[in-house]
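What's in coords_14.txt: compact mmCIF, C-alpha atoms
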```
# COMPACT_ATOMS: atom_id res chain seq x y z
CA MET J 1 4.95 12.61 -31.10
CA PRO J 2 5.54 16.36 -30.45
CA LYS J 3 1.86 16.71 -29.50
CA GLN J 4 2.13 13.74 -27.12
CA ASN J 5 5.22 15.25 -25.50
CA GLU J 6 3.46 18.60 -25.16
CA LEU J 7 0.44 16.94 -23.56
CA MET J 8 2.70 15.01 -21.17
CA ASP J 9 4.54 18.20 -20.23
CA LYS J 10 1.25 19.96 -19.47
CA ALA J 11 0.10 17.02 -17.34
CA GLU J 12 3.37 17.12 -15.39
CA ASP J 13 2.98 20.87 -14.88
CA VAL J 14 -0.52 20.33 -13.45
CA ALA J 15 0.81 17.55 -11.19
CA ASP J 16 3.65 19.81 -10.00
CA GLN J 17 1.17 22.56 -9.14
CA VAL J 18 -0.95 20.11 -7.16
CA LEU J 19 2.14 18.90 -5.30
CA ARG J 20 3.32 22.41 -4.51
CA HIS J 21 -0.03 23.32 -2.99
CA SER J 22 -0.31 20.08 -1.02
CA LYS J 23 3.32 19.44 -0.05
CA HIS J 24 2.70 20.19 3.63
CA ILE J 25 -0.26 17.83 4.05
CA LEU J 26 0.58 15.11 1.51
CA PRO J 27 3.11 13.18 3.69
CA HIS J 28 0.66 13.22 6.63
CA LEU J 29 -2.20 12.07 4.40
CA ALA J 30 0.02 9.33 2.97
CA ARG J 31 0.91 7.97 6.41
CA PHE J 32 -2.70 8.16 7.56
CA CYS J 33 -3.92 6.20 4.52
CA LEU J 34 -1.08 3.70 4.80
CA ILE J 35 -1.80 2.71 8.40
CA SER J 36 -5.59 2.70 7.93
CA THR J 37 -5.88 -1.05 7.29
CA PHE J 38 -3.78 -1.85 10.37
CA PHE J 39 -5.84 0.50 12.52
CA GLU J 40 -9.14 -0.92 11.24
CA ASP J 41 -7.94 -4.48 11.75
CA GLY J 42 -6.71 -3.70 15.26
CA ILE J 43 -10.13 -2.29 16.16
CA ARG J 44 -11.79 -5.34 14.57
CA MET J 45 -9.69 -7.63 16.77
CA TYR J 46 -11.19 -5.84 19.78
CA THR J 47 -14.81 -5.70 18.60
CA GLN J 48 -14.78 -9.29 17.26
CA TRP J 49 -12.51 -10.81 19.90
CA ASN J 50 -14.56 -13.96 20.44
CA GLU J 51 -15.12 -14.60 16.72
CA GLN J 52 -11.43 -14.18 15.90
CA ARG J 53 -10.35 -16.38 18.82
CA ASP J 54 -12.84 -19.11 17.92
CA TYR J 55 -11.80 -19.00 14.25
CA MET J 56 -8.11 -19.45 15.09
CA ASN J 57 -8.88 -22.25 17.53
CA ALA J 58 -11.09 -24.04 14.99
CA THR J 59 -8.59 -23.60 12.15
CA TRP J 60 -5.39 -24.54 13.96
CA GLY J 61 -6.68 -26.46 16.99
CA CYS J 62 -4.28 -24.46 19.15
CA GLY J 63 -6.54 -24.01 22.17
CA TYR J 64 -8.22 -20.91 23.52
CA PHE J 65 -5.10 -19.56 25.23
CA LEU J 66 -2.90 -19.46 22.12
CA ALA J 67 -5.82 -18.27 20.00
CA SER J 68 -6.41 -15.42 22.48
CA MET J 69 -2.70 -14.55 22.41
CA PHE J 70 -2.87 -14.35 18.61
CA VAL J 71 -5.78 -11.89 18.77
CA LEU J 72 -4.08 -9.85 21.52
CA LEU J 73 -0.81 -9.68 19.57
CA ASN J 74 -2.62 -8.46 16.47
CA LEU J 75 -4.62 -5.91 18.44
CA VAL J 76 -1.72 -4.43 20.40
CA GLY J 77 0.89 -4.72 17.64
CA GLN J 78 -1.23 -2.94 15.05
CA LEU J 79 -2.61 -0.17 17.25
CA VAL J 80 0.77 0.57 18.84
CA GLY J 81 2.48 0.50 15.44
CA CYS J 82 -0.10 2.89 14.00
CA GLY J 83 0.31 5.29 16.92
CA MET J 84 4.11 5.30 16.50
CA VAL J 85 3.85 5.96 12.75
CA LEU J 86 1.40 8.85 13.14
CA SER J 87 3.44 10.41 15.95
CA ARG J 88 6.69 9.70 14.03
CA GLN J 89 8.20 8.09 17.12
CA LYS J 90 10.53 5.07 16.63
CA VAL J 91 9.26 4.58 13.08
CA PRO J 92 11.69 1.68 12.28
CA ILE J 93 10.33 -0.25 15.28
CA ALA J 94 6.77 0.55 14.19
CA CYS J 95 7.51 -0.72 10.68
CA GLY J 96 9.02 -3.87 12.18
CA LEU J 97 5.80 -4.43 14.15
CA LEU J 98 3.66 -3.95 11.03
CA PHE J 99 5.89 -6.23 8.94
CA GLY J 100 5.58 -8.86 11.67
CA ILE J 101 1.77 -8.57 11.67
CA ILE J 102 1.66 -8.96 7.88
CA ALA J 103 3.85 -12.09 8.06
CA LEU J 104 1.87 -13.54 10.98
CA GLN J 105 -1.49 -13.04 9.28
CA THR J 106 -0.16 -14.41 5.98
CA VAL J 107 0.59 -17.71 7.71
CA ALA J 108 -2.32 -17.76 10.18
CA TYR J 109 -4.98 -17.09 7.56
CA SER J 110 -3.35 -19.34 4.92
CA ILE J 111 -2.88 -16.38 2.60
CA LEU J 112 0.25 -18.05 1.16
CA TRP J 113 -2.02 -20.30 -0.92
CA ASP J 114 -4.28 -17.55 -2.23
CA LEU J 115 -2.46 -15.62 -4.97
CA LYS J 116 -4.79 -12.61 -4.93
CA PHE J 117 -4.54 -12.02 -1.18
CA LEU J 118 -0.82 -12.82 -1.18
CA MET J 119 -0.21 -10.12 -3.80
CA ARG J 120 -2.25 -7.67 -1.75
CA ASN J 121 -0.23 -8.44 1.38
CA LEU J 122 2.98 -7.98 -0.62
CA ALA J 123 1.66 -4.62 -1.89
CA LEU J 124 0.92 -3.66 1.71
CA SER J 125 4.48 -4.64 2.64
CA GLY J 126 5.70 -2.37 -0.15
CA GLY J 127 3.89 0.56 1.42
CA VAL J 128 5.46 -0.13 4.83
CA LEU J 129 8.87 -0.47 3.15
CA LEU J 130 8.46 2.98 1.56
CA LEU J 131 7.51 4.36 4.96
CA LEU J 132 10.69 2.86 6.42
CA ALA J 133 12.74 4.26 3.52
CA GLU J 134 11.31 7.73 4.09
CA ASN J 135 12.52 7.60 7.67
CA LYS J 136 15.97 6.24 6.81
CA ALA J 137 18.97 8.53 6.61
CA GLU J 138 20.66 8.95 3.24
CA GLY J 139 24.20 8.20 2.27
CA LYS J 140 25.16 4.85 3.80
CA SER J 141 27.28 2.75 1.49
CA LEU J 142 26.36 -0.87 0.85
CA PHE J 143 29.94 -1.82 1.81
CA ALA J 144 30.99 -0.25 5.09
CA GLY J 145 34.57 0.99 5.12
CA LEU J 146 34.91 1.19 1.34
CA PRO J 147 34.52 4.32 -0.77
CA SER J 148 31.13 4.66 -2.41
CA MET J 149 30.97 4.08 -6.18
CA GLY J 150 27.82 6.18 -6.51
CA ASP J 151 24.46 6.66 -4.91
CA ASN J 152 23.94 3.00 -4.08
CA ASN J 153 22.64 3.41 -0.55
CA PRO J 154 20.11 1.06 1.04
CA LYS J 155 17.34 3.66 1.06
CA GLN J 156 17.23 3.78 -2.74
CA TYR J 157 16.89 0.01 -3.04
CA MET J 158 14.19 0.03 -0.39
CA GLN J 159 12.32 2.61 -2.46
CA LEU J 160 12.73 0.49 -5.60
CA SER J 161 11.48 -2.64 -3.83
CA GLY J 162 8.59 -0.73 -2.29
CA ARG J 163 7.50 0.63 -5.67
CA ILE J 164 7.59 -2.79 -7.30
CA LEU J 165 5.61 -4.40 -4.46
CA LEU J 166 3.04 -1.59 -4.43
CA VAL J 167 1.97 -2.12 -8.03
CA LEU J 168 1.01 -5.73 -7.28
CA MET J 169 -2.24 -4.33 -5.84
CA PHE J 170 -3.33 -3.12 -9.26
CA LEU J 171 -2.70 -6.55 -10.78
CA THR J 172 -5.37 -7.99 -8.48
CA LEU J 173 -7.89 -5.50 -9.88
CA LEU J 174 -7.44 -6.40 -13.55
CA ARG J 175 -10.63 -7.81 -15.03
CA PHE J 176 -10.33 -10.03 -18.07
CA GLU J 177 -13.56 -9.22 -19.86
CA ALA J 178 -14.13 -9.11 -23.62
CA SER J 179 -15.14 -5.46 -23.78
CA VAL J 180 -13.30 -2.61 -25.47
CA LEU J 181 -13.55 -0.39 -22.37
CA GLN J 182 -12.17 -3.05 -20.02
CA ILE J 183 -9.31 -3.91 -22.37
CA LEU J 184 -8.45 -0.20 -22.61
CA LEU J 185 -8.56 0.17 -18.81
CA ASN J 186 -6.29 -2.85 -18.41
CA LEU J 187 -3.78 -1.50 -20.93
CA VAL J 188 -3.65 1.98 -19.40
CA GLY J 189 -3.41 0.57 -15.89
CA THR J 190 -0.64 -1.83 -16.87
CA ALA J 191 1.28 1.01 -18.51
CA LEU J 192 1.01 3.07 -15.31
CA ILE J 193 2.30 0.33 -13.05
CA ILE J 194 5.23 -0.34 -15.39
CA LEU J 195 6.13 3.37 -15.35
CA ILE J 196 6.00 3.40 -11.54
CA ALA J 197 8.04 0.20 -11.24
CA VAL J 198 10.86 1.50 -13.49
CA GLY J 199 10.58 5.03 -12.09
CA TYR J 200 9.74 6.97 -15.26
CA LYS J 201 7.44 10.02 -14.96
CA THR J 202 6.97 8.51 -11.53
CA LYS J 203 5.18 11.27 -9.62
CA LEU J 204 2.68 11.85 -12.42
CA SER J 205 2.07 8.11 -12.93
CA ALA J 206 1.66 7.51 -9.19
CA LEU J 207 -0.73 10.45 -8.86
CA VAL J 208 -2.90 9.14 -11.73
CA LEU J 209 -2.89 5.66 -10.17
CA VAL J 210 -3.86 7.15 -6.81
CA LEU J 211 -6.92 8.77 -8.39
CA TRP J 212 -7.72 5.58 -10.30
CA LEU J 213 -7.41 3.23 -7.32
CA THR J 214 -9.37 5.62 -5.10
CA GLY J 215 -12.23 5.72 -7.59
CA LEU J 216 -12.26 1.93 -7.99
CA ASN J 217 -12.07 1.48 -4.24
CA PHE J 218 -15.09 3.66 -3.46
CA TYR J 219 -17.06 2.10 -6.33
CA PHE J 220 -16.36 -1.61 -5.79
CA ASN J 221 -15.74 -1.70 -2.02
CA ALA J 222 -18.59 0.46 -0.70
CA TRP J 223 -18.95 -1.59 2.50
CA TRP J 224 -21.04 1.12 4.19
CA ASN J 225 -23.94 0.24 1.86
CA ILE J 226 -24.06 -3.36 3.15
CA PRO J 227 -26.12 -4.21 6.27
CA ASP J 228 -24.15 -5.20 9.40
CA TYR J 229 -25.47 -8.76 9.47
CA ARG J 230 -24.17 -9.69 5.99
CA PRO J 231 -20.67 -11.28 5.82
CA MET J 232 -19.98 -9.40 2.57
CA ARG J 233 -19.69 -6.20 4.60
CA ASP J 234 -16.53 -7.44 6.34
CA PHE J 235 -14.99 -8.67 3.07
CA LEU J 236 -15.58 -5.33 1.34
CA LYS J 237 -14.34 -3.44 4.39
CA TYR J 238 -11.13 -5.50 4.39
CA ASP J 239 -10.57 -4.80 0.67
CA PHE J 240 -11.39 -1.11 1.09
CA PHE J 241 -8.83 -0.43 3.81
CA GLN J 242 -6.13 -2.58 2.19
CA THR J 243 -6.52 -0.62 -1.03
CA LEU J 244 -6.50 2.65 0.93
CA SER J 245 -3.18 1.62 2.50
CA VAL J 246 -1.67 0.98 -0.94
CA VAL J 247 -2.95 4.42 -2.00
CA GLY J 248 -1.03 5.76 1.01
CA GLY J 249 2.13 4.07 -0.24
CA LEU J 250 1.64 5.60 -3.69
CA LEU J 251 1.14 9.02 -2.06
CA LEU J 252 4.57 8.59 -0.46
CA VAL J 253 5.97 8.05 -3.96
CA VAL J 254 4.16 11.20 -5.12
CA ALA J 255 5.46 13.20 -2.17
CA TYR J 256 9.09 12.03 -2.11
CA GLY J 257 9.74 10.71 -5.62
CA PRO J 258 11.02 7.33 -6.78
CA GLY J 259 14.50 7.50 -5.28
CA GLY J 260 17.90 7.06 -6.91
CA VAL J 261 17.26 3.71 -8.62
CA SER J 262 14.89 5.05 -11.26
CA MET J 263 14.84 6.37 -14.80
CA ASP J 264 13.77 9.79 -13.53
CA GLU J 265 16.93 10.05 -11.45
CA HIS J 266 19.19 8.81 -14.25
CA LYS J 267 17.68 11.33 -16.68
CA LYS J 268 19.15 14.11 -14.52
CA LYS J 269 22.64 12.77 -15.28
CA TRP J 270 22.18 12.64 -19.05
```

Show me, as structure tokens, the structure contained in the file I just sent.
Amino acid sequence: MPKQNELMDKAEDVADQVLRHSKHILPHLARFCLISTFFEDGIRMYTQWNEQRDYMNATWGCGYFLASMFVLLNLVGQLVGCGMVLSRQKVPIACGLLFGIIALQTVAYSILWDLKFLMRNLALSGGVLLLLAENKAEGKSLFAGLPSMGDNNPKQYMQLSGRILLVLMFLTLLRFEASVLQILLNLVGTALIILIAVGYKTKLSALVLVLWLTGLNFYFNAWWNIPDYRPMRDFLKYDFFQTLSVVGGLLLVVAYGPGGVSMDEHKKKW
């Protein structure tokens, strides 16, 4: 046990050094990664306008006008929201736009009935929620007009919810194969997401998961190796940018910490 604690302390020291050297660029990198799937999808709505319109019309029988309005709303909403996030202008409105796009696509593409894609959309929502929390001012009591009983402000609960939603992405990557290596990977990955969810050794756990997810993403979702004419290219591209957005959410956790509702925060009071 002492050796394990010493090893953990050394790992945290390394993580702290990395954070100190990257503290000025990490928040910008996190936001860029987080909005990447929205930006890519907005561009796709433009380049594949006819295909997206025809798909919506064929699926819902809503007519070309409503199908075109759906594509236009996705295009404008995502690109405008991304621009506002990157420029840090009206971030709450931008997050509202992105939340609306996630909800709209969840219904329009029948994602509600596909557990894997639903969990990925929820993880994406967690990233946007963390972005909103980062922008939110501290110190507002849950009960206006009453004295605060502690640090129970909305931002902390937004951070908690965002962390829990983010780790759903990793659950979609678990592979149930009867091999020692895969079982070990599943166990380590599950331990990491539990640590992030409860907020224990959060920055270190999130940083390790960032490296893990990034490696898996470039290995399994290498869409650039697939010819343009193959449908698999679009599927891998979709997965790649969604995972990259969740990595962005985790980078926000690395940069700003887990918030007040976490074991890390409570340890400071012991």

Requested in this report: State, in Å with one decimal place, the distance from CA of Val210 in chain J to CA of Arg175 in chain J.
Outcome: 18.4 Å

Query raised in the report: What is the distance, in Å and to one decimal place, between CA of Met119 in chain J and CA of Asp41 in chain J?
Result: 18.3 Å

**Report entry** Atomic separation - CA of Leu29 in chain J relative to CA of Ser87 in chain J, Å
**Finding:** 13.0 Å

Report task. Skip Thr172 in chain J itself and residues of its chain fewer than 5 positions away, then list as a PyMOL selection string all residues within 9 Å of it, counting all atoms listed in the file. Result -> chain J and resi 115-117+119-120

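Residue nearest Gly81 in chain J within the list J:Val128, J:Ala67, J:Ala123, J:Met56: J:Val128 [criterion: smallest interatomic distance, all atoms listed in the file].
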
Query raised in the report: For Ala222 in chain J, which residue among J:Leu236, J:Leu19, J:Val76, J:Ile183 is the nearest when counting all atoms listed in the file?
Result: J:Leu236

**Report entry** Of the listed residues J:Arg233, J:Lys155, J:Lys201, J:Lys23, that which approaches Gly259 in chain J most closely, counting all atoms listed in the file
**Finding:**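 The shortest atom-to-atom distance to Gly259 in chain J comes from J:Lys155.
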
How would range 245-256 of chain J look with N, CA and C atoms restored, written as a short mmCIF file (atom, residue, chain, number, x, y, z; two decimals), keeping the file's coordinate frame?
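After the write, rebuild_30.cif holds the following:
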```
data_model
loop_
_atom_site.label_atom_id
_atom_site.label_comp_id
_atom_site.auth_asym_id
_atom_site.auth_seq_id
_atom_site.Cartn_x
_atom_site.Cartn_y
_atom_site.Cartn_z
N SER J 245 -4.56 1.65 2.03
CA SER J 245 -3.18 1.62 2.50
C SER J 245 -2.20 1.66 1.32
N VAL J 246 -2.53 0.95 0.25
CA VAL J 246 -1.67 0.98 -0.94
C VAL J 246 -1.70 2.37 -1.56
N VAL J 247 -2.86 3.03 -1.55
CA VAL J 247 -2.95 4.42 -2.00
C VAL J 247 -2.02 5.29 -1.16
N GLY J 248 -1.95 5.03 0.15
CA GLY J 248 -1.03 5.76 1.01
C GLY J 248 0.42 5.57 0.59
N GLY J 249 0.78 4.33 0.24
CA GLY J 249 2.13 4.07 -0.24
C GLY J 249 2.43 4.83 -1.53
N LEU J 250 1.46 4.85 -2.43
CA LEU J 250 1.64 5.60 -3.69
C LEU J 250 1.76 7.10 -3.42
N LEU J 251 1.03 7.60 -2.42
CA LEU J 251 1.14 9.02 -2.06
C LEU J 251 2.54 9.36 -1.53
N LEU J 252 3.17 8.38 -0.88
CA LEU J 252 4.57 8.59 -0.46
C LEU J 252 5.47 8.73 -1.68
N VAL J 253 5.20 7.94 -2.72
CA VAL J 253 5.97 8.05 -3.96
C VAL J 253 5.74 9.42 -4.59
N VAL J 254 4.48 9.88 -4.58
CA VAL J 254 4.16 11.20 -5.12
C VAL J 254 4.88 12.29 -4.33
N ALA J 255 4.90 12.15 -3.02
CA ALA J 255 5.46 13.20 -2.17
C ALA J 255 6.99 13.24 -2.22
N TYR J 256 7.63 12.07 -2.25
CA TYR J 256 9.09 12.03 -2.11
C TYR J 256 9.83 11.57 -3.36
#
```
